[in-house]
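Shown next: entry06.txt, containing compact mmCIF, N, CA and C atoms.
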# COMPACT_ATOMS: atom_id res chain seq x y z
N GLN N 49 -3.22 7.86 17.45
CA GLN N 49 -3.76 6.65 16.84
C GLN N 49 -4.31 6.97 15.45
N VAL N 50 -4.10 6.03 14.54
CA VAL N 50 -4.63 6.13 13.18
C VAL N 50 -5.39 4.85 12.88
N GLN N 51 -6.58 5.01 12.34
CA GLN N 51 -7.37 3.85 11.94
C GLN N 51 -7.41 3.78 10.41
N LEU N 52 -7.24 2.58 9.90
CA LEU N 52 -7.19 2.36 8.45
C LEU N 52 -8.16 1.25 8.07
N VAL N 53 -8.96 1.49 7.04
CA VAL N 53 -9.92 0.50 6.59
C VAL N 53 -9.81 0.35 5.07
N GLU N 54 -9.42 -0.84 4.62
CA GLU N 54 -9.27 -1.10 3.19
C GLU N 54 -10.57 -1.61 2.58
N SER N 55 -10.70 -1.41 1.28
CA SER N 55 -11.82 -1.96 0.52
C SER N 55 -11.40 -2.09 -0.93
N GLY N 56 -12.21 -2.83 -1.70
CA GLY N 56 -11.98 -2.90 -3.13
C GLY N 56 -11.35 -4.19 -3.63
N GLY N 57 -11.01 -5.09 -2.74
CA GLY N 57 -10.44 -6.36 -3.19
C GLY N 57 -11.47 -7.21 -3.90
N GLY N 58 -11.01 -8.28 -4.50
CA GLY N 58 -11.92 -9.18 -5.20
C GLY N 58 -11.16 -10.18 -6.05
N SER N 59 -11.89 -10.83 -6.94
CA SER N 59 -11.31 -11.84 -7.82
C SER N 59 -11.40 -11.37 -9.26
N VAL N 60 -10.27 -11.48 -9.97
CA VAL N 60 -10.23 -11.10 -11.38
C VAL N 60 -9.40 -12.11 -12.14
N GLN N 61 -9.54 -12.08 -13.44
CA GLN N 61 -8.71 -12.92 -14.29
C GLN N 61 -7.41 -12.18 -14.63
N ALA N 62 -6.41 -12.96 -14.99
CA ALA N 62 -5.13 -12.37 -15.37
C ALA N 62 -5.33 -11.34 -16.48
N GLY N 63 -4.63 -10.21 -16.33
CA GLY N 63 -4.78 -9.12 -17.27
C GLY N 63 -5.81 -8.09 -16.85
N GLY N 64 -6.59 -8.40 -15.83
CA GLY N 64 -7.62 -7.50 -15.37
C GLY N 64 -7.11 -6.42 -14.43
N SER N 65 -8.03 -5.61 -13.94
CA SER N 65 -7.67 -4.48 -13.07
C SER N 65 -8.55 -4.47 -11.83
N LEU N 66 -7.99 -3.90 -10.77
CA LEU N 66 -8.73 -3.64 -9.54
C LEU N 66 -8.23 -2.33 -8.95
N ARG N 67 -9.10 -1.69 -8.19
CA ARG N 67 -8.70 -0.47 -7.49
C ARG N 67 -8.99 -0.65 -6.01
N LEU N 68 -7.95 -0.57 -5.20
CA LEU N 68 -8.09 -0.67 -3.76
C LEU N 68 -8.17 0.72 -3.15
N SER N 69 -8.93 0.83 -2.08
CA SER N 69 -9.04 2.09 -1.36
C SER N 69 -8.77 1.86 0.12
N CYS N 70 -8.29 2.91 0.78
CA CYS N 70 -8.02 2.85 2.21
C CYS N 70 -8.49 4.16 2.83
N ALA N 71 -9.44 4.06 3.73
CA ALA N 71 -9.95 5.24 4.44
C ALA N 71 -9.19 5.40 5.74
N ALA N 72 -8.59 6.56 5.93
CA ALA N 72 -7.80 6.84 7.13
C ALA N 72 -8.55 7.80 8.05
N SER N 73 -8.44 7.58 9.33
CA SER N 73 -9.04 8.48 10.31
C SER N 73 -8.16 8.54 11.55
N GLY N 74 -8.42 9.53 12.39
CA GLY N 74 -7.61 9.70 13.60
C GLY N 74 -6.51 10.71 13.38
N ASN N 75 -5.36 10.46 13.96
CA ASN N 75 -4.24 11.40 13.97
C ASN N 75 -3.43 11.33 12.67
N THR N 76 -4.10 11.53 11.54
CA THR N 76 -3.43 11.37 10.25
C THR N 76 -2.47 12.52 9.93
N TYR N 77 -2.61 13.65 10.58
CA TYR N 77 -1.76 14.79 10.23
C TYR N 77 -0.32 14.62 10.68
N SER N 78 -0.05 13.63 11.50
CA SER N 78 1.32 13.40 11.97
C SER N 78 2.04 12.33 11.15
N SER N 79 1.44 11.86 10.07
CA SER N 79 2.06 10.78 9.30
C SER N 79 3.02 11.32 8.26
N TYR N 80 4.05 10.54 7.94
CA TYR N 80 5.03 10.90 6.93
C TYR N 80 4.80 10.15 5.62
N CYS N 81 4.28 8.95 5.72
CA CYS N 81 4.09 8.13 4.52
C CYS N 81 2.84 7.27 4.67
N MET N 82 2.28 6.95 3.54
CA MET N 82 1.25 5.91 3.45
C MET N 82 1.76 4.88 2.45
N ALA N 83 1.35 3.64 2.65
CA ALA N 83 1.89 2.59 1.78
C ALA N 83 0.90 1.45 1.65
N TRP N 84 1.15 0.64 0.62
CA TRP N 84 0.44 -0.62 0.43
C TRP N 84 1.44 -1.76 0.54
N PHE N 85 1.06 -2.77 1.28
CA PHE N 85 1.82 -4.00 1.41
C PHE N 85 0.93 -5.16 0.98
N ARG N 86 1.56 -6.29 0.75
CA ARG N 86 0.79 -7.50 0.45
C ARG N 86 1.47 -8.72 1.07
N GLN N 87 0.67 -9.71 1.33
CA GLN N 87 1.20 -10.94 1.91
C GLN N 87 0.44 -12.13 1.34
N ALA N 88 1.18 -12.99 0.67
CA ALA N 88 0.62 -14.22 0.12
C ALA N 88 0.80 -15.34 1.14
N PRO N 89 -0.01 -16.38 1.08
CA PRO N 89 0.11 -17.49 2.04
C PRO N 89 1.53 -18.08 2.02
N GLY N 90 2.10 -18.21 3.21
CA GLY N 90 3.42 -18.81 3.33
C GLY N 90 4.57 -17.89 2.98
N LYS N 91 4.27 -16.63 2.68
CA LYS N 91 5.32 -15.67 2.32
C LYS N 91 5.34 -14.50 3.29
N GLU N 92 6.45 -13.79 3.31
CA GLU N 92 6.57 -12.61 4.16
C GLU N 92 5.79 -11.44 3.55
N ARG N 93 5.41 -10.54 4.43
CA ARG N 93 4.74 -9.34 3.96
C ARG N 93 5.74 -8.48 3.19
N GLU N 94 5.33 -7.99 2.02
CA GLU N 94 6.24 -7.20 1.19
C GLU N 94 5.64 -5.86 0.82
N GLY N 95 6.49 -4.84 0.75
CA GLY N 95 6.04 -3.52 0.35
C GLY N 95 5.76 -3.47 -1.13
N VAL N 96 4.67 -2.81 -1.50
CA VAL N 96 4.25 -2.71 -2.89
C VAL N 96 4.47 -1.29 -3.40
N ALA N 97 3.99 -0.30 -2.64
CA ALA N 97 4.07 1.09 -3.08
C ALA N 97 4.00 2.02 -1.89
N VAL N 98 4.68 3.15 -2.01
CA VAL N 98 4.74 4.15 -0.94
C VAL N 98 4.47 5.52 -1.52
N ILE N 99 3.77 6.36 -0.76
CA ILE N 99 3.59 7.76 -1.14
C ILE N 99 3.88 8.62 0.07
N TYR N 100 4.65 9.70 -0.16
CA TYR N 100 4.95 10.60 0.94
C TYR N 100 3.74 11.51 1.15
N THR N 101 3.24 11.57 2.37
CA THR N 101 2.07 12.38 2.65
C THR N 101 2.39 13.86 2.47
N GLY N 102 1.45 14.57 1.88
CA GLY N 102 1.63 15.99 1.64
C GLY N 102 2.42 16.30 0.39
N GLY N 103 2.95 15.30 -0.29
CA GLY N 103 3.73 15.54 -1.49
C GLY N 103 3.33 14.60 -2.60
N SER N 104 4.13 14.55 -3.64
CA SER N 104 3.80 13.73 -4.78
C SER N 104 4.79 12.59 -5.01
N SER N 105 5.75 12.42 -4.10
CA SER N 105 6.75 11.37 -4.31
C SER N 105 6.14 10.00 -4.09
N THR N 106 6.36 9.12 -5.06
CA THR N 106 5.88 7.75 -4.98
C THR N 106 7.00 6.78 -5.33
N TYR N 107 6.93 5.60 -4.75
CA TYR N 107 7.94 4.58 -5.00
C TYR N 107 7.24 3.22 -5.06
N TYR N 108 7.80 2.34 -5.90
CA TYR N 108 7.18 1.06 -6.15
C TYR N 108 8.17 -0.08 -6.06
N ALA N 109 7.68 -1.23 -5.66
CA ALA N 109 8.48 -2.43 -5.78
C ALA N 109 8.68 -2.74 -7.25
N ASP N 110 9.81 -3.33 -7.59
CA ASP N 110 10.11 -3.63 -8.99
C ASP N 110 9.04 -4.53 -9.61
N SER N 111 8.46 -5.40 -8.81
CA SER N 111 7.50 -6.37 -9.32
C SER N 111 6.19 -5.74 -9.79
N VAL N 112 5.92 -4.51 -9.37
CA VAL N 112 4.65 -3.87 -9.75
C VAL N 112 4.86 -2.58 -10.53
N LYS N 113 6.09 -2.16 -10.69
CA LYS N 113 6.39 -0.90 -11.36
C LYS N 113 5.82 -0.91 -12.77
N GLY N 114 5.11 0.15 -13.12
CA GLY N 114 4.52 0.25 -14.45
C GLY N 114 3.12 -0.35 -14.53
N ARG N 115 2.71 -1.10 -13.51
CA ARG N 115 1.38 -1.71 -13.51
C ARG N 115 0.48 -1.13 -12.40
N PHE N 116 1.08 -0.77 -11.28
CA PHE N 116 0.32 -0.25 -10.13
C PHE N 116 0.59 1.23 -9.97
N THR N 117 -0.42 1.95 -9.49
CA THR N 117 -0.28 3.38 -9.21
C THR N 117 -0.88 3.69 -7.85
N ILE N 118 -0.08 4.29 -6.98
CA ILE N 118 -0.56 4.70 -5.67
C ILE N 118 -0.90 6.18 -5.73
N SER N 119 -1.99 6.55 -5.06
CA SER N 119 -2.39 7.95 -5.04
C SER N 119 -3.07 8.26 -3.71
N GLN N 120 -3.17 9.56 -3.44
CA GLN N 120 -3.73 9.97 -2.15
C GLN N 120 -4.61 11.19 -2.34
N ASP N 121 -5.76 11.18 -1.72
CA ASP N 121 -6.65 12.33 -1.68
C ASP N 121 -6.61 12.87 -0.26
N ASN N 122 -5.80 13.91 -0.05
CA ASN N 122 -5.61 14.42 1.31
C ASN N 122 -6.90 15.00 1.89
N ALA N 123 -7.70 15.61 1.04
CA ALA N 123 -8.93 16.23 1.53
C ALA N 123 -9.89 15.19 2.09
N LYS N 124 -9.86 13.99 1.52
CA LYS N 124 -10.77 12.93 1.94
C LYS N 124 -10.09 11.90 2.82
N ASN N 125 -8.78 12.08 3.08
CA ASN N 125 -8.01 11.08 3.85
C ASN N 125 -8.16 9.69 3.24
N MET N 126 -8.03 9.62 1.94
CA MET N 126 -8.16 8.35 1.22
C MET N 126 -6.87 8.02 0.50
N LEU N 127 -6.49 6.77 0.56
CA LEU N 127 -5.35 6.24 -0.17
C LEU N 127 -5.88 5.22 -1.16
N SER N 128 -5.32 5.22 -2.37
CA SER N 128 -5.78 4.28 -3.39
C SER N 128 -4.62 3.54 -4.02
N LEU N 129 -4.92 2.39 -4.59
CA LEU N 129 -3.94 1.63 -5.37
C LEU N 129 -4.66 1.10 -6.60
N GLN N 130 -4.32 1.67 -7.75
CA GLN N 130 -4.85 1.20 -9.02
C GLN N 130 -3.94 0.09 -9.52
N MET N 131 -4.50 -1.08 -9.74
CA MET N 131 -3.72 -2.23 -10.15
C MET N 131 -4.18 -2.69 -11.53
N ASN N 132 -3.29 -2.62 -12.50
CA ASN N 132 -3.58 -3.02 -13.87
C ASN N 132 -2.72 -4.21 -14.26
N SER N 133 -3.11 -4.87 -15.31
CA SER N 133 -2.35 -6.03 -15.82
C SER N 133 -2.05 -7.01 -14.71
N LEU N 134 -3.04 -7.32 -13.93
CA LEU N 134 -2.84 -8.22 -12.79
C LEU N 134 -2.46 -9.62 -13.24
N GLN N 135 -1.59 -10.24 -12.45
CA GLN N 135 -1.10 -11.58 -12.73
C GLN N 135 -1.37 -12.47 -11.52
N PRO N 136 -1.38 -13.80 -11.72
CA PRO N 136 -1.61 -14.69 -10.58
C PRO N 136 -0.65 -14.46 -9.41
N ASP N 137 0.58 -14.04 -9.70
CA ASP N 137 1.55 -13.77 -8.63
C ASP N 137 1.17 -12.57 -7.78
N ASP N 138 0.20 -11.79 -8.22
CA ASP N 138 -0.28 -10.65 -7.44
C ASP N 138 -1.31 -11.07 -6.39
N THR N 139 -1.70 -12.32 -6.42
CA THR N 139 -2.67 -12.83 -5.45
C THR N 139 -2.11 -12.73 -4.04
N ALA N 140 -2.83 -12.04 -3.16
CA ALA N 140 -2.36 -11.83 -1.78
C ALA N 140 -3.41 -11.05 -1.00
N MET N 141 -3.19 -10.97 0.30
CA MET N 141 -3.94 -10.03 1.12
C MET N 141 -3.19 -8.70 1.03
N TYR N 142 -3.91 -7.64 0.73
CA TYR N 142 -3.30 -6.33 0.60
C TYR N 142 -3.65 -5.46 1.81
N TYR N 143 -2.63 -4.81 2.34
CA TYR N 143 -2.77 -4.00 3.55
C TYR N 143 -2.37 -2.56 3.29
N CYS N 144 -3.12 -1.67 3.87
CA CYS N 144 -2.79 -0.26 3.90
C CYS N 144 -2.00 0.01 5.18
N ALA N 145 -0.99 0.88 5.11
CA ALA N 145 -0.17 1.15 6.28
C ALA N 145 0.18 2.62 6.37
N ASN N 146 0.43 3.07 7.59
CA ASN N 146 0.74 4.47 7.87
C ASN N 146 2.00 4.54 8.72
N SER N 147 2.88 5.48 8.39
CA SER N 147 4.10 5.64 9.17
C SER N 147 4.21 7.06 9.71
N GLY N 148 4.54 7.18 11.00
CA GLY N 148 4.75 8.47 11.63
C GLY N 148 6.21 8.80 11.84
N GLY N 149 7.11 8.06 11.20
CA GLY N 149 8.52 8.28 11.40
C GLY N 149 9.27 8.48 10.09
N PHE N 150 10.49 9.00 10.20
CA PHE N 150 11.29 9.31 9.02
C PHE N 150 11.79 8.06 8.29
N GLY N 151 11.74 6.91 8.94
CA GLY N 151 12.24 5.70 8.32
C GLY N 151 11.59 5.38 6.99
N CYS N 152 10.33 5.80 6.85
CA CYS N 152 9.61 5.51 5.61
C CYS N 152 10.10 6.37 4.45
N ARG N 153 10.95 7.36 4.72
CA ARG N 153 11.45 8.24 3.67
C ARG N 153 12.90 7.93 3.28
N SER N 154 13.38 6.80 3.74
CA SER N 154 14.70 6.33 3.34
C SER N 154 14.56 5.29 2.25
N SER N 155 15.41 5.37 1.25
CA SER N 155 15.35 4.40 0.16
C SER N 155 15.65 2.99 0.67
N PHE N 156 16.31 2.89 1.83
CA PHE N 156 16.69 1.57 2.35
C PHE N 156 15.54 0.91 3.10
N THR N 157 14.64 1.73 3.67
CA THR N 157 13.64 1.15 4.56
C THR N 157 12.20 1.46 4.21
N ARG N 158 11.94 2.25 3.18
CA ARG N 158 10.58 2.71 2.94
C ARG N 158 9.61 1.59 2.61
N LEU N 159 10.08 0.46 2.14
CA LEU N 159 9.19 -0.66 1.83
C LEU N 159 9.29 -1.78 2.86
N LEU N 160 9.82 -1.47 4.03
CA LEU N 160 9.93 -2.47 5.07
C LEU N 160 8.77 -2.32 6.07
N PRO N 161 8.10 -3.42 6.40
CA PRO N 161 6.96 -3.34 7.32
C PRO N 161 7.30 -2.71 8.67
N ARG N 162 8.53 -2.89 9.15
CA ARG N 162 8.87 -2.46 10.50
C ARG N 162 8.85 -0.95 10.70
N VAL N 163 8.86 -0.17 9.63
CA VAL N 163 8.85 1.28 9.81
C VAL N 163 7.43 1.86 9.79
N TYR N 164 6.44 1.00 9.69
CA TYR N 164 5.04 1.44 9.66
C TYR N 164 4.36 1.12 10.98
N ASN N 165 3.64 2.11 11.50
CA ASN N 165 3.06 2.01 12.83
C ASN N 165 1.64 1.46 12.85
N TYR N 166 0.88 1.79 11.82
CA TYR N 166 -0.54 1.44 11.82
C TYR N 166 -0.88 0.67 10.56
N TRP N 167 -1.80 -0.28 10.74
CA TRP N 167 -2.16 -1.19 9.67
C TRP N 167 -3.67 -1.37 9.61
N GLY N 168 -4.16 -1.55 8.39
CA GLY N 168 -5.55 -1.93 8.23
C GLY N 168 -5.71 -3.43 8.39
N GLN N 169 -6.95 -3.89 8.23
CA GLN N 169 -7.24 -5.31 8.42
C GLN N 169 -6.97 -6.14 7.16
N GLY N 170 -6.79 -5.47 6.03
CA GLY N 170 -6.48 -6.16 4.79
C GLY N 170 -7.68 -6.41 3.91
N THR N 171 -7.43 -6.53 2.62
CA THR N 171 -8.45 -6.88 1.64
C THR N 171 -7.84 -7.88 0.66
N GLN N 172 -8.57 -8.93 0.36
CA GLN N 172 -8.03 -10.03 -0.45
C GLN N 172 -8.14 -9.73 -1.94
N VAL N 173 -7.05 -9.99 -2.64
CA VAL N 173 -7.01 -9.90 -4.10
C VAL N 173 -6.62 -11.27 -4.63
N THR N 174 -7.44 -11.81 -5.52
CA THR N 174 -7.19 -13.12 -6.11
C THR N 174 -7.21 -12.98 -7.62
N VAL N 175 -6.12 -13.40 -8.27
CA VAL N 175 -6.01 -13.32 -9.72
C VAL N 175 -5.89 -14.74 -10.28
N SER N 176 -6.79 -15.09 -11.14
CA SER N 176 -6.79 -16.43 -11.73
C SER N 176 -6.23 -16.39 -13.15
N SER N 177 -5.60 -17.50 -13.53
CA SER N 177 -4.98 -17.56 -14.87
C SER N 177 -5.94 -18.04 -15.92

Once more with this new file: its structure as structure tokens, please.
Amino acid sequence: QVQLVESGGGSVQAGGSLRLSCAASGNTYSSYCMAWFRQAPGKEREGVAVIYTGGSSTYYADSVKGRFTISQDNAKNMLSLQMNSLQPDDTAMYYCANSGGFGCRSSFTRLLPRVYNYWGQGTQVTVSS
């Protein structure tokens, strides 16, 4: 079991920045990937960014590439998402996720919710124009 707790959400104006954090506990040493997802009202949950645990490989959705940065502090079991140049379309509930399987390391599935086993409760990000 892995427990994930997000923090750092809030309300900002377009062009602003926020930094999300996710504290992981439990059986974290068996994970292959950590990721951030988001879900806006009436829309499907979408992958935002992925980082391979124990390494430096990161991948981003096209919609956030160049604006968001995912990082991991293995010593503290913390995952972060630095979000810059935020736009109203970034408004959503943001979720931290953990995967214990190889599916998260495939270019075809790494941003798909179904390959992630554990989820946090989410933190709301609201961007106003």

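Closest approach to N:Gly64 from the set N:Leu134, N:Tyr164, N:Arg158, N:Thr139 is made by N:Leu134, with distances taken over all atoms listed in the file.
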
List the neighbours of N:Ser111 out to 10 Å using only C-alpha atoms; skip same-chain residues closer than 6 positions along the sequence, and give me the result as a PDB file with N, CA and C atoms, in the coordinates of the input.
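This went into result_31.pdb:
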ATOM      1  N   VAL N  96       4.670  -2.810  -1.500  1.00  0.00           N
ATOM      2  CA  VAL N  96       4.250  -2.710  -2.890  1.00  0.00           C
ATOM      3  C   VAL N  96       4.470  -1.290  -3.400  1.00  0.00           C
ATOM      4  N   ASP N 137       0.580 -14.040  -9.700  1.00  0.00           N
ATOM      5  CA  ASP N 137       1.550 -13.770  -8.630  1.00  0.00           C
ATOM      6  C   ASP N 137       1.170 -12.570  -7.780  1.00  0.00           C
ATOM      7  N   ASP N 138       0.200 -11.790  -8.220  1.00  0.00           N
ATOM      8  CA  ASP N 138      -0.280 -10.650  -7.440  1.00  0.00           C
ATOM      9  C   ASP N 138      -1.310 -11.070  -6.390  1.00  0.00           C
TER      10      ASP N 138
END

Contacts of stretch 76-91 of chain N at 6.5 Å (all atoms listed in the file; same-chain gap of 5+ positions) as an MDAnalysis selection string:
chainID N and resid 49:50 96:101 139:149 152

Save the residues we just selected, N, CA and C atoms, as a short mmCIF file (atom, residue, chain, number, x, y, z; two decimals), in the frame of the given file?
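Writing done, so here's out-v7.cif:
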data_model
loop_
_atom_site.label_atom_id
_atom_site.label_comp_id
_atom_site.auth_asym_id
_atom_site.auth_seq_id
_atom_site.Cartn_x
_atom_site.Cartn_y
_atom_site.Cartn_z
N GLN N 49 -3.22 7.86 17.45
CA GLN N 49 -3.76 6.65 16.84
C GLN N 49 -4.31 6.97 15.45
N VAL N 50 -4.10 6.03 14.54
CA VAL N 50 -4.63 6.13 13.18
C VAL N 50 -5.39 4.85 12.88
N VAL N 96 4.67 -2.81 -1.50
CA VAL N 96 4.25 -2.71 -2.89
C VAL N 96 4.47 -1.29 -3.40
N ALA N 97 3.99 -0.30 -2.64
CA ALA N 97 4.07 1.09 -3.08
C ALA N 97 4.00 2.02 -1.89
N VAL N 98 4.68 3.15 -2.01
CA VAL N 98 4.74 4.15 -0.94
C VAL N 98 4.47 5.52 -1.52
N ILE N 99 3.77 6.36 -0.76
CA ILE N 99 3.59 7.76 -1.14
C ILE N 99 3.88 8.62 0.07
N TYR N 100 4.65 9.70 -0.16
CA TYR N 100 4.95 10.60 0.94
C TYR N 100 3.74 11.51 1.15
N THR N 101 3.24 11.57 2.37
CA THR N 101 2.07 12.38 2.65
C THR N 101 2.39 13.86 2.47
N THR N 139 -1.70 -12.32 -6.42
CA THR N 139 -2.67 -12.83 -5.45
C THR N 139 -2.11 -12.73 -4.04
N ALA N 140 -2.83 -12.04 -3.16
CA ALA N 140 -2.36 -11.83 -1.78
C ALA N 140 -3.41 -11.05 -1.00
N MET N 141 -3.19 -10.97 0.30
CA MET N 141 -3.94 -10.03 1.12
C MET N 141 -3.19 -8.70 1.03
N TYR N 142 -3.91 -7.64 0.73
CA TYR N 142 -3.30 -6.33 0.60
C TYR N 142 -3.65 -5.46 1.81
N TYR N 143 -2.63 -4.81 2.34
CA TYR N 143 -2.77 -4.00 3.55
C TYR N 143 -2.37 -2.56 3.29
N CYS N 144 -3.12 -1.67 3.87
CA CYS N 144 -2.79 -0.26 3.90
C CYS N 144 -2.00 0.01 5.18
N ALA N 145 -0.99 0.88 5.11
CA ALA N 145 -0.17 1.15 6.28
C ALA N 145 0.18 2.62 6.37
N ASN N 146 0.43 3.07 7.59
CA ASN N 146 0.74 4.47 7.87
C ASN N 146 2.00 4.54 8.72
N SER N 147 2.88 5.48 8.39
CA SER N 147 4.10 5.64 9.17
C SER N 147 4.21 7.06 9.71
N GLY N 148 4.54 7.18 11.00
CA GLY N 148 4.75 8.47 11.63
C GLY N 148 6.21 8.80 11.84
N GLY N 149 7.11 8.06 11.20
CA GLY N 149 8.52 8.28 11.40
C GLY N 149 9.27 8.48 10.09
N CYS N 152 10.33 5.80 6.85
CA CYS N 152 9.61 5.51 5.61
C CYS N 152 10.10 6.37 4.45
#

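Distance-wise, atom C of N:Gly168 and atom C of N:Ser128 end up 14.3 Å apart.
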
In terms of all atoms listed in the file, the residue from N:Ala72, N:Gly102, N:Gly114, N:Ser65 at minimal distance from N:Val53 is N:Ala72

Among stretch 50-160 of chain N, which residues does DSSP mark as strand (DSSP E) when it is run on the backbone? Keep the chain and numbering as in the structure and answer as a PyMOL selection string.
chain N and resi 50-55+58-61+66-74+81-87+94-100+106-108+116-121+126-131+140-147

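The closest residue to N:Ala71, picked from N:Ser176, N:Ser133, N:Ser154, N:Gln169 and counting only C-alpha atoms, is N:Gln169.
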
N:Arg67 surroundings by all atoms listed in the file, 5 Å radius, close-in-sequence under 5 positions cut, as a VMD selection string
chain N and resid 56 129 to 131

Write out as an MDAnalysis selection string which residues come within 6 Å of N:Leu127 when counting only N, CA and C atoms, dropping same-chain ones fewer than 5 positions away.
chainID N and resid 68:72 119:121

Minimum-distance residue to N:Tyr108, chosen among N:Ser155, N:Asn132, N:Asn125, N:Ser177 (using only C-alpha atoms)
N:Ser155

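Going from atom CA of N:Arg115 over to atom CA of N:Glu54, you cover 19.8 Å.
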
Separation of atom CA of N:Gln61 from atom C of N:Gly95 in Å:
21.7 Å

In chain N, DSSP helix (DSSP H, G or I) residues written as a ChimeraX atom specification:
/N:76-78,136-138,150-153,161-163
